[in-house]
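Asks: input_11.txt is the file, holding compact mmCIF, C-alpha atoms:
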```
# COMPACT_ATOMS: atom_id res chain seq x y z
CA MET A 99 5.20 -0.46 37.57
CA SER A 100 5.22 1.09 34.11
CA ALA A 101 8.25 3.08 33.07
CA ALA A 102 6.35 6.37 32.78
CA LEU A 103 4.83 6.04 36.23
CA ALA A 104 8.20 5.09 37.73
CA LEU A 105 9.77 8.20 36.21
CA LEU A 106 6.92 10.43 37.41
CA VAL A 107 7.14 9.12 40.97
CA ARG A 108 10.91 9.49 40.96
CA ASP A 109 10.80 13.09 39.73
CA VAL A 110 8.20 14.11 42.30
CA LYS A 111 10.16 12.39 45.08
CA LEU A 112 13.40 14.02 43.94
CA ALA A 113 11.85 17.48 43.87
CA TRP A 114 10.62 16.91 47.39
CA ARG A 115 13.85 15.32 48.66
CA GLU A 116 16.39 17.66 47.08
CA GLY A 117 14.50 20.59 48.49
CA GLY A 118 14.78 23.97 46.89
CA ALA A 119 12.25 23.31 44.18
CA ILE A 120 8.92 23.57 45.94
CA GLY A 121 10.01 25.65 48.90
CA VAL A 122 11.88 28.27 46.90
CA ALA A 123 9.06 28.67 44.37
CA LEU A 124 6.45 29.09 47.12
CA GLY A 125 8.66 31.45 49.10
CA PHE A 126 9.41 33.57 46.04
CA TYR A 127 5.70 33.74 45.22
CA LEU A 128 4.92 34.85 48.76
CA VAL A 129 7.60 37.53 48.81
CA VAL A 130 6.78 39.04 45.42
CA VAL A 131 3.09 39.30 46.27
CA ALA A 132 3.78 40.56 49.79
CA ILE A 133 5.93 43.49 48.61
CA THR A 134 3.40 44.63 46.00
CA PRO A 135 1.24 46.63 48.47
CA PHE A 136 4.39 48.48 49.57
CA GLY A 137 4.98 49.55 45.99
CA LEU A 138 1.40 50.46 45.15
CA GLY A 139 0.32 52.01 48.43
CA PRO A 140 -2.54 51.04 50.72
CA ASP A 141 -5.39 51.84 48.29
CA LEU A 142 -7.58 48.74 48.76
CA ASN A 143 -9.62 49.29 45.60
CA LEU A 144 -6.52 49.61 43.48
CA LEU A 145 -5.01 46.47 45.04
CA ALA A 146 -8.16 44.46 44.38
CA ARG A 147 -8.15 45.62 40.76
CA VAL A 148 -4.54 44.57 40.09
CA ALA A 149 -4.69 41.44 42.26
CA PRO A 150 -5.42 38.86 39.52
CA GLY A 151 -2.69 40.26 37.28
CA MET A 152 -0.14 40.44 40.10
CA LEU A 153 -0.91 36.91 41.23
CA TRP A 154 -0.55 35.55 37.70
CA VAL A 155 2.69 37.41 36.92
CA ALA A 156 4.23 36.33 40.21
CA LEU A 157 3.11 32.76 39.59
CA LEU A 158 4.80 32.71 36.17
CA LEU A 159 8.05 34.04 37.63
CA ALA A 160 7.95 31.59 40.53
CA ALA A 161 7.31 28.66 38.20
CA LEU A 162 10.25 29.70 36.01
CA LEU A 163 12.59 29.66 39.02
CA SER A 164 12.49 25.89 39.14
CA ALA A 165 12.01 25.30 35.40
CA ASP A 166 15.65 24.52 34.67
CA ARG A 167 15.44 21.61 37.09
CA ILE A 168 13.16 19.77 34.66
CA PHE A 169 16.15 18.43 32.75
CA HIS A 170 19.29 20.09 34.11
CA ASN A 171 20.07 17.83 37.09
CA ASP A 172 19.52 14.67 35.07
CA TYR A 173 21.69 16.05 32.28
CA GLU A 174 24.57 16.88 34.61
CA ASP A 175 24.85 13.52 36.35
CA GLY A 176 24.38 11.42 33.20
CA THR A 177 20.91 10.19 34.09
CA LEU A 178 19.44 11.70 30.94
CA ASP A 179 21.76 9.53 28.80
CA VAL A 180 20.49 6.42 30.47
CA LEU A 181 16.86 7.54 30.41
CA THR A 182 16.99 8.02 26.64
CA THR A 183 18.10 4.40 26.14
CA GLY A 184 15.07 3.34 28.18
CA PRO A 185 11.71 2.13 26.93
CA LEU A 186 10.11 5.59 26.65
CA PRO A 187 10.26 7.65 23.43
CA LEU A 188 11.88 11.03 23.99
CA PRO A 189 8.66 13.11 23.67
CA VAL A 190 6.96 10.91 26.28
CA LEU A 191 9.98 11.32 28.52
CA ALA A 192 9.74 15.11 28.16
CA ALA A 193 5.99 15.00 28.82
CA VAL A 194 6.38 12.94 32.00
CA LYS A 195 9.06 15.26 33.33
CA SER A 196 6.92 18.33 32.53
CA LEU A 197 4.00 16.71 34.30
CA ALA A 198 6.18 16.14 37.36
CA HIS A 199 7.13 19.83 37.26
CA TRP A 200 3.44 20.76 37.16
CA ILE A 201 2.66 18.55 40.15
CA THR A 202 5.55 19.91 42.20
CA THR A 203 5.31 23.57 41.16
CA GLY A 204 2.11 24.48 39.31
CA VAL A 205 -0.32 22.84 41.73
CA PRO A 206 1.24 24.16 44.97
CA LEU A 207 1.50 27.67 43.52
CA ALA A 208 -2.13 27.63 42.37
CA LEU A 209 -3.29 26.41 45.78
CA LEU A 210 -1.29 29.12 47.56
CA ALA A 211 -2.78 31.88 45.38
CA PRO A 212 -6.00 32.49 47.38
CA VAL A 213 -3.99 32.97 50.58
CA LEU A 214 -1.85 35.56 48.85
CA GLY A 215 -5.01 37.03 47.34
CA LEU A 216 -5.98 38.08 50.87
CA LEU A 217 -2.88 40.28 50.99
CA LEU A 218 -4.08 42.05 47.85
CA ASN A 219 -7.70 42.45 48.95
CA LEU A 220 -8.90 40.03 46.30
CA PRO A 221 -12.69 39.58 46.75
CA LEU A 222 -13.48 36.22 48.33
CA ASP A 223 -16.05 35.24 45.73
CA ALA A 224 -13.44 35.52 42.94
CA MET A 225 -11.07 33.08 44.61
CA PRO A 226 -12.54 29.72 43.55
CA LEU A 227 -12.45 30.75 39.92
CA LEU A 228 -8.93 32.17 40.26
CA VAL A 229 -7.66 28.85 41.64
CA LEU A 230 -9.56 26.91 39.00
CA ALA A 231 -8.08 29.08 36.25
CA MET A 232 -4.60 28.64 37.69
CA LEU A 233 -4.98 24.87 37.89
CA ALA A 234 -6.15 24.85 34.28
CA GLY A 235 -3.44 27.21 33.05
CA THR A 236 -0.36 25.99 34.89
CA PRO A 237 0.04 22.82 32.77
CA ALA A 238 0.76 25.15 29.85
CA VAL A 239 3.29 26.95 32.07
CA SER A 240 5.16 23.74 32.94
CA PHE A 241 5.07 22.19 29.48
CA ILE A 242 6.24 25.38 27.75
CA ALA A 243 8.95 25.78 30.39
CA ALA A 244 10.21 22.33 29.37
CA ILE A 245 10.94 23.68 25.87
CA GLY A 246 13.09 26.43 27.35
CA ALA A 247 14.74 24.01 29.78
CA SER A 248 15.73 21.64 27.00
CA LEU A 249 16.95 24.45 24.73
CA THR A 250 19.22 25.88 27.41
CA LEU A 251 20.55 22.51 28.55
CA GLY A 252 24.28 22.49 29.10
CA LEU A 253 24.63 26.27 29.21
CA ARG A 254 26.02 28.08 32.21
CA ARG A 255 23.57 30.22 34.16
CA SER A 256 20.85 28.88 31.94
CA GLY A 257 18.06 30.08 34.25
CA LEU A 258 18.17 33.68 33.05
CA LEU A 259 18.24 32.77 29.38
CA LEU A 260 15.41 30.36 29.98
CA ALA A 261 13.24 33.12 31.44
CA LEU A 262 14.06 35.35 28.49
CA LEU A 263 13.07 32.63 26.02
CA VAL A 264 9.95 31.44 27.73
CA LEU A 265 8.26 34.49 29.26
CA PRO A 266 7.02 35.88 25.91
CA LEU A 267 5.38 32.51 25.25
CA TYR A 268 3.37 32.92 28.44
CA VAL A 269 1.53 36.02 27.18
CA PRO A 270 -1.58 34.12 26.01
CA VAL A 271 -1.78 32.21 29.29
CA LEU A 272 -1.46 35.46 31.20
CA ILE A 273 -4.14 37.25 29.16
CA PHE A 274 -6.76 34.53 29.49
CA GLY A 275 -5.85 33.73 33.06
CA VAL A 276 -6.28 37.32 34.18
CA SER A 277 -9.43 37.87 32.15
CA THR A 278 -11.05 34.80 33.73
CA ALA A 279 -10.49 36.22 37.21
CA SER A 280 -11.41 39.81 36.22
CA ALA A 281 -14.62 38.69 34.57
CA ALA A 282 -15.54 36.84 37.73
CA MET A 283 -14.85 39.97 39.82
CA VAL A 284 -16.28 42.86 37.85
CA GLY A 285 -17.61 41.46 34.58
CA PRO A 286 -18.77 42.28 32.01
CA GLY A 287 -19.59 38.93 30.50
CA SER A 288 -19.07 35.41 31.68
CA PRO A 289 -15.65 34.17 32.90
CA TRP A 290 -16.09 30.86 31.09
CA PRO A 291 -14.99 31.78 27.53
CA PRO A 292 -11.51 32.91 28.68
CA PHE A 293 -11.38 29.91 31.02
CA LEU A 294 -12.04 27.56 28.12
CA MET A 295 -9.33 29.30 26.09
CA LEU A 296 -6.98 28.66 29.00
CA CYS A 297 -7.88 24.97 28.95
CA ALA A 298 -7.29 24.91 25.19
CA LEU A 299 -3.85 26.50 25.64
CA SER A 300 -2.91 23.89 28.22
CA LEU A 301 -4.13 21.00 26.08
CA ALA A 302 -2.27 22.30 23.04
CA SER A 303 0.95 22.72 25.06
CA ILE A 304 0.63 19.22 26.51
CA VAL A 305 0.50 17.82 22.98
CA LEU A 306 2.98 20.08 21.17
CA ALA A 307 5.58 21.17 23.73
CA PRO A 308 7.01 17.67 24.41
CA LEU A 309 7.72 17.28 20.69
CA ALA A 310 9.69 20.52 20.65
CA ALA A 311 11.46 19.65 23.90
CA ALA A 312 12.40 16.22 22.56
CA ALA A 313 13.94 17.76 19.43
CA ALA A 314 15.98 20.13 21.60
CA LEU A 315 17.04 17.27 23.91
CA ARG A 316 18.34 15.27 20.94
CA THR A 317 20.62 18.16 20.05
CA ALA A 318 21.71 18.71 23.63
CA LEU A 319 22.76 15.09 24.09
CA ARG A 320 25.11 15.12 21.12
CA MET D 137 17.93 -17.54 35.50
CA GLN D 138 16.77 -15.64 32.47
CA PRO D 139 16.67 -17.31 29.04
CA PRO D 140 19.88 -16.84 27.06
CA PHE D 141 20.10 -13.82 24.79
CA THR D 142 20.02 -14.41 21.04
CA VAL D 143 20.78 -10.95 19.73
CA SER D 144 23.77 -10.21 17.49
CA LEU D 145 25.07 -6.77 16.62
CA GLU D 146 26.30 -5.66 13.25
CA ALA D 147 27.88 -2.33 12.37
CA ARG D 148 28.53 -1.54 8.75
CA ASP D 149 30.67 1.33 7.54
CA ILE D 150 29.87 3.62 10.43
CA ALA D 151 31.51 7.02 10.68
CA CYS D 152 31.55 9.65 13.36
CA GLU D 153 32.01 13.37 13.15
CA ARG D 154 32.47 15.66 16.13
CA GLY D 155 32.60 19.42 15.69
CA GLY D 156 33.44 19.18 11.99
CA ARG D 157 36.28 16.71 12.60
CA LEU D 158 35.99 13.17 11.26
CA LEU D 159 36.90 10.86 14.15
CA PHE D 160 36.62 7.61 12.25
CA GLU D 161 34.96 6.19 9.16
CA GLY D 162 34.36 2.85 7.50
CA LEU D 163 34.15 1.03 10.82
CA ASN D 164 32.88 -2.56 10.53
CA PHE D 165 32.28 -5.22 13.11
CA ALA D 166 29.87 -8.07 13.72
CA LEU D 167 29.31 -9.62 17.12
CA GLU D 168 27.55 -12.95 17.63
CA PRO D 169 25.77 -13.75 20.92
CA GLY D 170 28.40 -14.37 23.58
CA GLU D 171 31.13 -12.30 21.97
CA ALA D 172 32.87 -9.24 23.31
CA LEU D 173 34.57 -6.35 21.60
CA LEU D 174 37.44 -4.40 23.10
CA VAL D 175 37.68 -0.82 21.90
CA SER D 176 41.07 0.76 22.40
CA GLY D 177 42.96 3.76 21.15
CA PRO D 178 44.58 6.95 22.41
CA ASN D 179 42.61 9.68 24.17
CA GLY D 180 40.35 11.51 21.76
CA ALA D 181 40.31 8.69 19.24
CA GLY D 182 36.52 8.40 19.48
CA LYS D 183 35.98 5.47 21.86
CA THR D 184 33.31 7.25 23.86
CA SER D 185 31.75 8.64 20.69
CA LEU D 186 31.50 5.15 19.24
CA LEU D 187 29.80 3.81 22.36
CA ARG D 188 27.43 6.79 22.42
CA GLN D 189 26.58 6.13 18.79
CA LEU D 190 25.74 2.53 19.61
CA ALA D 191 23.55 3.71 22.49
CA GLY D 192 21.71 6.01 20.10
CA LEU D 193 22.91 9.18 21.81
CA LEU D 194 24.96 10.38 18.85
CA PRO D 195 23.73 10.17 15.27
CA LEU D 196 25.60 7.98 12.80
CA GLU D 197 27.40 10.16 10.28
CA ALA D 198 27.28 7.27 7.82
CA GLY D 199 26.62 3.53 7.79
CA GLN D 200 24.13 1.46 9.71
CA LEU D 201 23.63 -0.57 12.84
CA SER D 202 21.48 -3.64 12.99
CA ALA D 203 20.66 -6.23 15.61
CA PRO D 204 19.68 -9.50 13.91
CA GLY D 205 17.81 -11.76 16.28
CA ALA D 206 16.04 -8.96 18.12
CA GLU D 207 12.31 -8.39 17.86
CA ALA D 208 11.58 -6.50 14.65
CA GLY D 209 11.22 -2.77 15.18
CA THR D 210 13.18 -2.59 18.44
CA PRO D 211 15.77 0.18 18.16
CA VAL D 212 19.32 -0.98 18.88
CA ALA D 213 19.51 1.57 21.71
CA GLU D 214 16.76 -0.23 23.61
CA LEU D 215 18.83 -3.43 23.65
CA CYS D 216 21.76 -1.63 25.20
CA HIS D 217 22.91 -0.78 28.67
CA TYR D 218 25.14 2.25 28.51
CA VAL D 219 27.48 2.94 31.43
CA GLY D 220 29.41 6.07 30.55
CA HIS D 221 31.77 8.36 32.40
CA LEU D 222 28.93 9.83 34.43
CA ASN D 223 27.40 7.54 36.99
CA ALA D 224 23.75 8.64 36.80
CA VAL D 225 23.52 8.29 40.58
CA LYS D 226 21.03 10.46 42.49
CA SER D 227 22.55 11.70 45.73
CA ALA D 228 19.16 12.39 47.29
CA PHE D 229 18.18 8.71 47.05
CA THR D 230 19.48 5.72 48.94
CA VAL D 231 21.37 3.01 47.08
CA ARG D 232 18.26 0.86 47.08
CA GLU D 233 16.04 3.65 45.72
CA ASN D 234 18.53 4.37 42.95
CA LEU D 235 18.49 0.77 41.78
CA ALA D 236 14.75 0.34 42.36
CA PHE D 237 14.06 3.22 39.99
CA TRP D 238 16.10 1.65 37.20
CA ALA D 239 14.49 -1.72 37.81
CA ASP D 240 11.01 -0.17 37.65
CA PHE D 241 11.91 1.99 34.67
CA ALA D 242 13.57 -0.55 32.42
CA GLY D 243 13.23 -3.94 34.09
CA ASP D 244 10.78 -6.03 36.04
CA GLY D 245 11.24 -4.25 39.34
CA THR D 246 13.42 -6.77 41.21
CA ILE D 247 16.73 -5.50 42.51
CA ASP D 248 18.12 -8.30 44.69
CA ALA D 249 20.48 -9.54 41.99
CA ALA D 250 21.60 -5.98 41.27
CA LEU D 251 22.36 -5.30 44.93
CA ALA D 252 24.30 -8.53 45.24
CA ALA D 253 26.31 -8.12 42.03
CA PHE D 254 28.81 -5.67 43.48
CA ARG D 255 28.14 -6.41 47.16
CA LEU D 256 26.15 -3.27 47.73
CA ASP D 257 23.57 -5.02 49.94
CA ALA D 258 25.23 -3.76 53.10
CA LEU D 259 24.99 -0.19 51.83
CA ALA D 260 21.42 -0.49 50.54
CA GLU D 261 19.84 1.94 52.98
CA ILE D 262 22.66 4.51 52.85
CA SER D 263 22.14 7.76 50.97
CA ALA D 264 24.01 7.63 47.68
CA GLY D 265 25.38 11.09 48.43
CA LEU D 266 27.61 9.51 51.08
CA LEU D 267 29.20 6.97 48.75
CA SER D 268 32.83 7.15 47.68
CA ALA D 269 33.77 7.49 44.01
CA GLY D 270 34.39 3.76 43.72
CA GLN D 271 31.12 2.88 45.42
CA ARG D 272 29.24 5.22 43.09
CA ARG D 273 30.87 3.48 40.17
CA LYS D 274 29.76 0.13 41.54
CA LEU D 275 26.24 1.48 41.91
CA ALA D 276 26.32 2.60 38.28
CA LEU D 277 27.52 -0.83 37.19
CA SER D 278 24.86 -2.56 39.30
CA ARG D 279 22.35 -0.98 36.95
CA LEU D 280 23.40 -3.65 34.44
CA PHE D 281 21.66 -6.18 36.64
CA ALA D 282 18.57 -4.14 37.49
CA ALA D 283 17.17 -4.81 34.02
CA PRO D 284 18.43 -7.58 31.74
CA ARG D 285 19.52 -6.32 28.34
CA PRO D 286 21.59 -8.21 25.78
CA ILE D 287 24.16 -5.57 24.87
CA TRP D 288 26.44 -3.92 27.42
CA LEU D 289 28.27 -0.76 26.42
CA LEU D 290 30.90 -0.05 29.04
CA ASP D 291 33.00 3.08 28.82
CA GLU D 292 36.03 2.79 31.11
CA PRO D 293 34.01 0.68 33.57
CA SER D 294 36.91 0.07 35.95
CA VAL D 295 37.64 3.73 36.74
CA SER D 296 38.07 4.20 40.53
CA LEU D 297 37.26 0.55 41.29
CA ASP D 298 39.45 -1.41 43.72
CA THR D 299 41.17 -4.63 42.63
CA ALA D 300 38.51 -6.93 44.08
CA SER D 301 35.76 -5.00 42.31
CA VAL D 302 37.60 -5.08 38.99
CA LYS D 303 37.72 -8.87 39.37
CA ARG D 304 34.01 -8.92 40.10
CA LEU D 305 33.36 -6.74 37.05
CA ASP D 306 35.48 -9.08 34.96
CA ALA D 307 33.49 -12.07 36.19
CA ALA D 308 30.21 -10.25 35.59
CA ILE D 309 31.16 -9.60 31.96
CA ARG D 310 32.14 -13.23 31.51
CA ASP D 311 28.82 -14.44 32.98
CA HIS D 312 26.99 -12.06 30.70
CA LEU D 313 28.82 -13.46 27.67
CA LYS D 314 28.10 -17.01 28.81
CA ALA D 315 24.40 -16.14 28.86
CA GLY D 316 24.66 -15.12 25.21
CA GLY D 317 25.09 -11.41 25.86
CA ILE D 318 27.31 -9.00 24.00
CA ALA D 319 29.75 -6.64 25.67
CA ILE D 320 31.54 -3.71 24.08
CA VAL D 321 34.14 -2.37 26.44
CA SER D 322 36.52 0.51 26.18
CA THR D 323 39.22 0.22 28.81
CA HIS D 324 42.89 0.80 29.52
CA VAL D 325 42.96 -1.77 32.33
CA PRO D 326 43.70 -5.34 31.26
CA LEU D 327 40.70 -7.62 31.91
CA LYS D 328 40.71 -11.41 31.97
CA THR D 329 37.63 -11.52 29.77
CA LYS D 330 38.39 -13.06 26.40
CA PHE D 331 37.56 -10.51 23.76
CA ALA D 332 36.60 -12.16 20.47
CA HIS D 333 37.25 -8.93 18.59
CA GLU D 334 39.43 -5.92 19.06
CA LEU D 335 39.05 -2.53 17.52
CA THR D 336 41.77 0.08 17.68
CA LEU D 337 40.71 3.60 16.86
CA GLY D 338 42.85 6.56 15.90
CA LEU D 339 45.67 4.56 14.31
CA GLU D 340 45.94 6.69 11.22
CA ARG D 341 46.38 9.85 13.27
CA ALA D 342 48.89 8.29 15.64
CA ALA D 343 50.99 7.10 12.70
```
Since I need it in another form, could you write the structure as structure tokens?

Replies:
Amino acid sequence: MSAALALLVRDVKLAWREGGAIGVALGFYLVVVAITPFGLGPDLNLLARVAPGMLWVALLLAALLSADRIFHNDYEDGTLDVLTTGPLPLPVLAAVKSLAHWITTGVPLALLAPVLGLLLNLPLDAMPLLVLAMLAGTPAVSFIAAIGASLTLGLRRSGLLLALLVLPLYVPVLIFGVSTASAAMVGPGSPWPPFLMLCALSLASIVLAPLAAAAALRTALR
Amino acid sequence: MQPPFTVSLEARDIACERGGRLLFEGLNFALEPGEALLVSGPNGAGKTSLLRQLAGLLPLEAGQLSAPGAEAGTPVAELCHYVGHLNAVKSAFTVRENLAFWADFAGDGTIDAALAAFRLDALAEISAGLLSAGQRRKLALSRLFAAPRPIWLLDEPSVSLDTASVKRLDAAIRDHLKAGGIAIVSTHVPLKTKFAHELTLGLERAA
């Protein structure tokens, strides 16, 4: 088995085994979306209008909850030291670990979104595109989160600082993610241009974010 | 039996700085295949820092490292096994899964030798979270056998090991040297291994 695949399988297994990661993110997502109607009132039209935005904002927050796990656990028990002496260059290592985060967080959250959409009176015909947009946009979420996770490595209570660092970077993802779903619901115009921008954001993060994360990891290991 | 290692290790004039403080400078040593180096010195003299530098985890403040005999272009760090103070053991995995990952990641995927090295076969299916401190240490050391690499960097390898395991560790280092490997060990416990070289750090400050 190649080193990258071995690492990916291990990270996914660990996230599953150690618990907390997937369950907490999904639970948080559910709770945030479920309390929204209590805050906004039972106006169904209003809920439908804010549904894409609410779902995206809650998804970003839920994904950030588990973001510090990308590197933190391996840093604490010394695994990261040993991994860096392995056959993978540091940016590849960061990319594989971000990919594992996407598989264990981004994909489950995106797949849960339509169910939560029902709570917000999201029109059924907008759901396929919402899920598609989330699947296309969440790689950017995971890979950018890896930059924050590596920058805050070794700090106490790093989760809060991480959110502070990373949330502003999610603005483009949020804008194009929401406009894809809104365009599909009410128009005007086609949802595909913002969707393609979302894909471009993800592709750019997949290429660039591991380089930044690797530079931050180098410093953290000193 | 794997083919004997043919890698040597040469350090020229290396220096280390931590937090603006120069720990050591002008450090030289050359190890031929089959030789071991004992690093000693008082606490804080820079033993761990030296080993981390060799493993590529800390930058060299000055000087250079080279590994004549290795394939051109291979970084020295990739020839090294680093066993530091932290055991790099995942509590959520069984002993076997821990070793299998390292074998898949850095070696050829076989772990029988690694399980046998420190007699962990009986514990193979037990969750690593249940292991004692000494058993975790043995699991960390078993990593040395999960993927063959010519240079072993061992930082206080005998911490929390029982007497029988220290003997086994000693024998493992000797076998490694016999196979042409290199071992750089920092320890306060006397080992029977014959160290061809000794390096004492922190002498100037102690004096």

Asks: Compile the residues of chain D that lie within 7 Å of chain A, evaluated using all atoms listed in the file, and express the compilation as a PyMOL selection string.

Replies: chain D and resi 191+193-194+213-214+218+222-225+228+237+240-242

Asks: So how far away is atom CA of D:Ser202 from atom CA of D:Gly316, in Å?

Replies: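 Distance between the two atoms: 17.1 Å.
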
Asks: Excluding D:Lys226 and its own-chain neighbours fewer than 3 positions away, which residues fall within 7 Å of it when counting all atoms listed in the file? Please give them as a ChimeraX atom specification.

Replies: /D:229,234,264

Asks: Could you list, as a PyMOL selection string, every residue within 9 Å of stretch 174-186 of chain D, counting all atoms listed in the file and ignoring same-chain residues fewer than 3 positions away?

Replies: chain D and resi 151-154+159-160+189-191+193-194+220-221+291-292+319-324+331-339+341-342

Asks: Could you state the separation of atom CA of A:Gly204 and atom CA of A:Ile242 in Å, given to one decimal place?

Replies: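 Atom CA of A:Gly204 sits 12.3 Å away from atom CA of A:Ile242.
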
Asks: Would you list the contacts of D:Arg232 as a ChimeraX atom specification, taking every protein, DNA or RNA residue within 12 Å and counting all atoms listed in the file, but skipping same-chain residues closer than 6 positions in sequence?

Replies: /D:225-226,238-240,245-252,256-264,275,278-279,282

Asks: Suppose we keep C-alpha atoms; can you now write the selection as a PDB file, in the coordinates of the input?

Replies:
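selection-v3.pdb, freshly written:
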```
ATOM      1  CA  VAL D 225      23.520   8.290  40.580  1.00  0.00           C
ATOM      2  CA  LYS D 226      21.030  10.460  42.490  1.00  0.00           C
ATOM      3  CA  TRP D 238      16.100   1.650  37.200  1.00  0.00           C
ATOM      4  CA  ALA D 239      14.490  -1.720  37.810  1.00  0.00           C
ATOM      5  CA  ASP D 240      11.010  -0.170  37.650  1.00  0.00           C
ATOM      6  CA  GLY D 245      11.240  -4.250  39.340  1.00  0.00           C
ATOM      7  CA  THR D 246      13.420  -6.770  41.210  1.00  0.00           C
ATOM      8  CA  ILE D 247      16.730  -5.500  42.510  1.00  0.00           C
ATOM      9  CA  ASP D 248      18.120  -8.300  44.690  1.00  0.00           C
ATOM     10  CA  ALA D 249      20.480  -9.540  41.990  1.00  0.00           C
ATOM     11  CA  ALA D 250      21.600  -5.980  41.270  1.00  0.00           C
ATOM     12  CA  LEU D 251      22.360  -5.300  44.930  1.00  0.00           C
ATOM     13  CA  ALA D 252      24.300  -8.530  45.240  1.00  0.00           C
ATOM     14  CA  LEU D 256      26.150  -3.270  47.730  1.00  0.00           C
ATOM     15  CA  ASP D 257      23.570  -5.020  49.940  1.00  0.00           C
ATOM     16  CA  ALA D 258      25.230  -3.760  53.100  1.00  0.00           C
ATOM     17  CA  LEU D 259      24.990  -0.190  51.830  1.00  0.00           C
ATOM     18  CA  ALA D 260      21.420  -0.490  50.540  1.00  0.00           C
ATOM     19  CA  GLU D 261      19.840   1.940  52.980  1.00  0.00           C
ATOM     20  CA  ILE D 262      22.660   4.510  52.850  1.00  0.00           C
ATOM     21  CA  SER D 263      22.140   7.760  50.970  1.00  0.00           C
ATOM     22  CA  ALA D 264      24.010   7.630  47.680  1.00  0.00           C
ATOM     23  CA  LEU D 275      26.240   1.480  41.910  1.00  0.00           C
ATOM     24  CA  SER D 278      24.860  -2.560  39.300  1.00  0.00           C
ATOM     25  CA  ARG D 279      22.350  -0.980  36.950  1.00  0.00           C
ATOM     26  CA  ALA D 282      18.570  -4.140  37.490  1.00  0.00           C
TER      27      ALA D 282
END
```

Asks: Find the distance between atom CA of A:Thr202 and atom CA of A:Val110 and write it in Å to one decimal.

Replies: 6.4 Å

Asks: Quick one: everything within 12 Å of A:Leu306, counting all atoms listed in the file, minus sequence neighbours fewer than 5 positions away in the same chain. Send it as a PDB file with C-alpha atoms, in the frame of the given file.

Replies:
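And here is the file that came out, result24.pdb:
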```pdb
ATOM      1  CA  PRO A 189       8.660  13.110  23.670  1.00  0.00           C
ATOM      2  CA  VAL A 190       6.960  10.910  26.280  1.00  0.00           C
ATOM      3  CA  ALA A 192       9.740  15.110  28.160  1.00  0.00           C
ATOM      4  CA  ALA A 193       5.990  15.000  28.820  1.00  0.00           C
ATOM      5  CA  ALA A 238       0.760  25.150  29.850  1.00  0.00           C
ATOM      6  CA  PHE A 241       5.070  22.190  29.480  1.00  0.00           C
ATOM      7  CA  ILE A 242       6.240  25.380  27.750  1.00  0.00           C
ATOM      8  CA  ALA A 244      10.210  22.330  29.370  1.00  0.00           C
ATOM      9  CA  ILE A 245      10.940  23.680  25.870  1.00  0.00           C
ATOM     10  CA  LEU A 299      -3.850  26.500  25.640  1.00  0.00           C
ATOM     11  CA  SER A 300      -2.910  23.890  28.220  1.00  0.00           C
ATOM     12  CA  LEU A 301      -4.130  21.000  26.080  1.00  0.00           C
ATOM     13  CA  ALA A 311      11.460  19.650  23.900  1.00  0.00           C
ATOM     14  CA  ALA A 312      12.400  16.220  22.560  1.00  0.00           C
ATOM     15  CA  ALA A 313      13.940  17.760  19.430  1.00  0.00           C
TER      16      ALA A 313
END
```

Asks: Quick one: everything within 9 Å of A:Gly275, counting all atoms listed in the file, minus sequence neighbours fewer than 3 positions away in the same chain. Send it as a list in words.

Replies: Pro150, Gly151, Trp154, Leu228, Ala231, Met232, Ala234, Gly235, Pro270, Val271, Leu272, Thr278, Ala279, Ser280, Pro292, Phe293, Met295 and Leu296 of chain A

Asks: Those same residues - C-alpha atoms - I'd like them written as an mmCIF file, in the frame of the given file.

Replies:
```cif
data_model
loop_
_atom_site.group_PDB
_atom_site.id
_atom_site.type_symbol
_atom_site.label_atom_id
_atom_site.label_comp_id
_atom_site.auth_asym_id
_atom_site.auth_seq_id
_atom_site.Cartn_x
_atom_site.Cartn_y
_atom_site.Cartn_z
ATOM 1 C CA PRO A 150 -5.420 38.860 39.520
ATOM 2 C CA GLY A 151 -2.690 40.260 37.280
ATOM 3 C CA TRP A 154 -0.550 35.550 37.700
ATOM 4 C CA LEU A 228 -8.930 32.170 40.260
ATOM 5 C CA ALA A 231 -8.080 29.080 36.250
ATOM 6 C CA MET A 232 -4.600 28.640 37.690
ATOM 7 C CA ALA A 234 -6.150 24.850 34.280
ATOM 8 C CA GLY A 235 -3.440 27.210 33.050
ATOM 9 C CA PRO A 270 -1.580 34.120 26.010
ATOM 10 C CA VAL A 271 -1.780 32.210 29.290
ATOM 11 C CA LEU A 272 -1.460 35.460 31.200
ATOM 12 C CA THR A 278 -11.050 34.800 33.730
ATOM 13 C CA ALA A 279 -10.490 36.220 37.210
ATOM 14 C CA SER A 280 -11.410 39.810 36.220
ATOM 15 C CA PRO A 292 -11.510 32.910 28.680
ATOM 16 C CA PHE A 293 -11.380 29.910 31.020
ATOM 17 C CA MET A 295 -9.330 29.300 26.090
ATOM 18 C CA LEU A 296 -6.980 28.660 29.000
#
```
